[in-house]
Amino acid sequence: MKIKERTKKKKHTGTIVAIIVIAGIVAAAAYSYYHQKQLDDQQWKWVSSGPFSINKNQYKLGENIFMIVSNLKPTDVGEIDIVDPKGDAFSKIPFNGTMKSSFKQFFKPDTERRLGLCNATDLVGQWNIVFKGVSYKSIPFEIVNDWIPGAQAELAPVPKGLDPC
């Protein structure tokens with residue numbers, strides 16, 4: 001009888017250890033998931049004006065700016081102007097609520113000779129997203145003098161001779 005009791009004890013001990021290991025793995029996975037979710041929530045603080053939203057209000061050089069437009073009214077017709085720190089229109093995006101009530105858009109401020117933004121430092125500062133043709137308030141955002149990894153090669157200065165600055 002003692003052999004059977006030892007065998008049963010070993011089986012129960014192995015089962016208990018397996019349950020503890022599985023519980024630990026599940027707990028670690030749950031912690032990792034919720035911790036990552038908190039980090040994502042901290043990074044994306046949506047800034048909105050009416051149906052227009054951008055994913056946060058401060059960006060690094062070389063970073064994409066994500067815009068979501070949701071539930072445009074049929075009477076919402078106009079143009080989104082992305083205005084650089086110099087006050088010039090960097091980009092223009094038309095919209096028409098009759099044709100499309102929702103869309104997603106992303107853009108990345110970069111150096112372009114036609115705009116007179118010759119160096120990455122020209123991108124640093126306060127930008128605005130202005131809505132023309134509708135009464136929604138503009139959305140300000142800032143580009144700080146810090147780089148996302150790998151972006152320095154993308155934002156090369158405009159070559160001499162082509163430089164309008």
# chains A, B, ... in the order shown; residues from 1 in each chain; ligands from 1
call {"tool": "residues_around", "arguments": {"residues": "A:Ser135", "least_positions_apart": "4", "cutoff": "12 Å", "atoms": "only C-alpha atoms", "output": "list in words"}}
result
Ser49, Gly50, Pro51, Phe52, Thr75, Asp76, Val77, Gly78, Glu79, Ile80, Val130 and Phe131 of chain A
call {"tool": "residues_around", "arguments": {"residues": "stretch 98-104 of chain A", "least_positions_apart": "2", "cutoff": "6 Å", "atoms": "only C-alpha atoms", "output": "list in words"}}
result
Met67, Ile68, Val69, Ser70, Asn71, Leu72, Pro74 and Asn96 of chain A
call {"tool": "write_last_selection", "arguments": {"atoms": "C-alpha atoms", "output": "PDB file, in the first residue's frame"}}
result
ATOM      1  CA  MET A  67      -5.798  61.893 -38.608  1.00  0.00           C
ATOM      2  CA  ILE A  68      -9.231  60.338 -38.411  1.00  0.00           C
ATOM      3  CA  VAL A  69     -12.293  62.078 -39.814  1.00  0.00           C
ATOM      4  CA  SER A  70     -15.570  60.586 -38.599  1.00  0.00           C
ATOM      5  CA  ASN A  71     -19.211  61.447 -39.188  1.00  0.00           C
ATOM      6  CA  LEU A  72     -18.877  64.419 -41.499  1.00  0.00           C
ATOM      7  CA  PRO A  74     -23.368  66.357 -45.775  1.00  0.00           C
ATOM      8  CA  ASN A  96     -16.815  66.626 -48.766  1.00  0.00           C
TER       9      ASN A  96
END
call {"tool": "select_by_dssp", "arguments": {"residues": "stretch 12-135 of chain A", "states": "helix (DSSP H, G or I)", "output": "PyMOL selection string"}}
result
chain A and resi 12-43+113-115+120-123
call {"tool": "residues_around", "arguments": {"residues": "stretch 138-150 of chain A", "least_positions_apart": "5", "cutoff": "7 Å", "atoms": "only C-alpha atoms", "output": "ChimeraX atom specification"}}
result
/A:49,57-63,123-131
call {"tool": "write_last_selection", "arguments": {"atoms": "C-alpha atoms", "output": "PDB file, in the first residue's frame"}}
result
ATOM      1  CA  SER A  49     -12.241  69.385 -33.273  1.00  0.00           C
ATOM      2  CA  ASN A  57      -0.464  66.900 -29.810  1.00  0.00           C
ATOM      3  CA  GLN A  58       3.324  66.471 -29.836  1.00  0.00           C
ATOM      4  CA  TYR A  59       5.524  64.629 -32.335  1.00  0.00           C
ATOM      5  CA  LYS A  60       9.203  63.970 -32.944  1.00  0.00           C
ATOM      6  CA  LEU A  61      11.001  64.694 -36.212  1.00  0.00           C
ATOM      7  CA  GLY A  62      10.234  61.969 -38.752  1.00  0.00           C
ATOM      8  CA  GLU A  63       7.049  60.818 -37.044  1.00  0.00           C
ATOM      9  CA  LEU A 123      10.052  71.611 -39.047  1.00  0.00           C
ATOM     10  CA  VAL A 124      10.424  72.169 -35.300  1.00  0.00           C
ATOM     11  CA  GLY A 125       7.763  74.330 -33.715  1.00  0.00           C
ATOM     12  CA  GLN A 126       4.039  74.914 -33.531  1.00  0.00           C
ATOM     13  CA  TRP A 127       1.917  73.595 -36.427  1.00  0.00           C
ATOM     14  CA  ASN A 128      -1.823  73.928 -37.017  1.00  0.00           C
ATOM     15  CA  ILE A 129      -4.486  71.975 -38.798  1.00  0.00           C
ATOM     16  CA  VAL A 130      -6.947  74.553 -40.104  1.00  0.00           C
ATOM     17  CA  PHE A 131     -10.404  73.684 -41.435  1.00  0.00           C
TER      18      PHE A 131
END
call {"tool": "atom_distance", "arguments": {"atom1": "atom CA of A:Thr13", "atom2": "atom CA of A:Val26"}}
result
20.0 Å
call {"tool": "closest_residue", "arguments": {"among": "A:Asp122, A:Gly24, A:Val134, A:Asn64", "to": "A:Lys86", "atoms": "only C-alpha atoms"}}
result
A:Asp122
call {"tool": "atom_distance", "arguments": {"atom1": "atom CA of A:Phe107", "atom2": "atom CA of A:Lys56"}}
result
13.4 Å
call {"tool": "atom_distance", "arguments": {"atom1": "atom CA of A:Asp81", "atom2": "atom CA of A:Ile93"}}
result
6.5 Å
call {"tool": "closest_residue", "arguments": {"among": "A:Ala30, A:Ile20, A:Ile65, A:Ile82", "to": "A:Val47", "atoms": "only C-alpha atoms"}}
result
A:Ile65
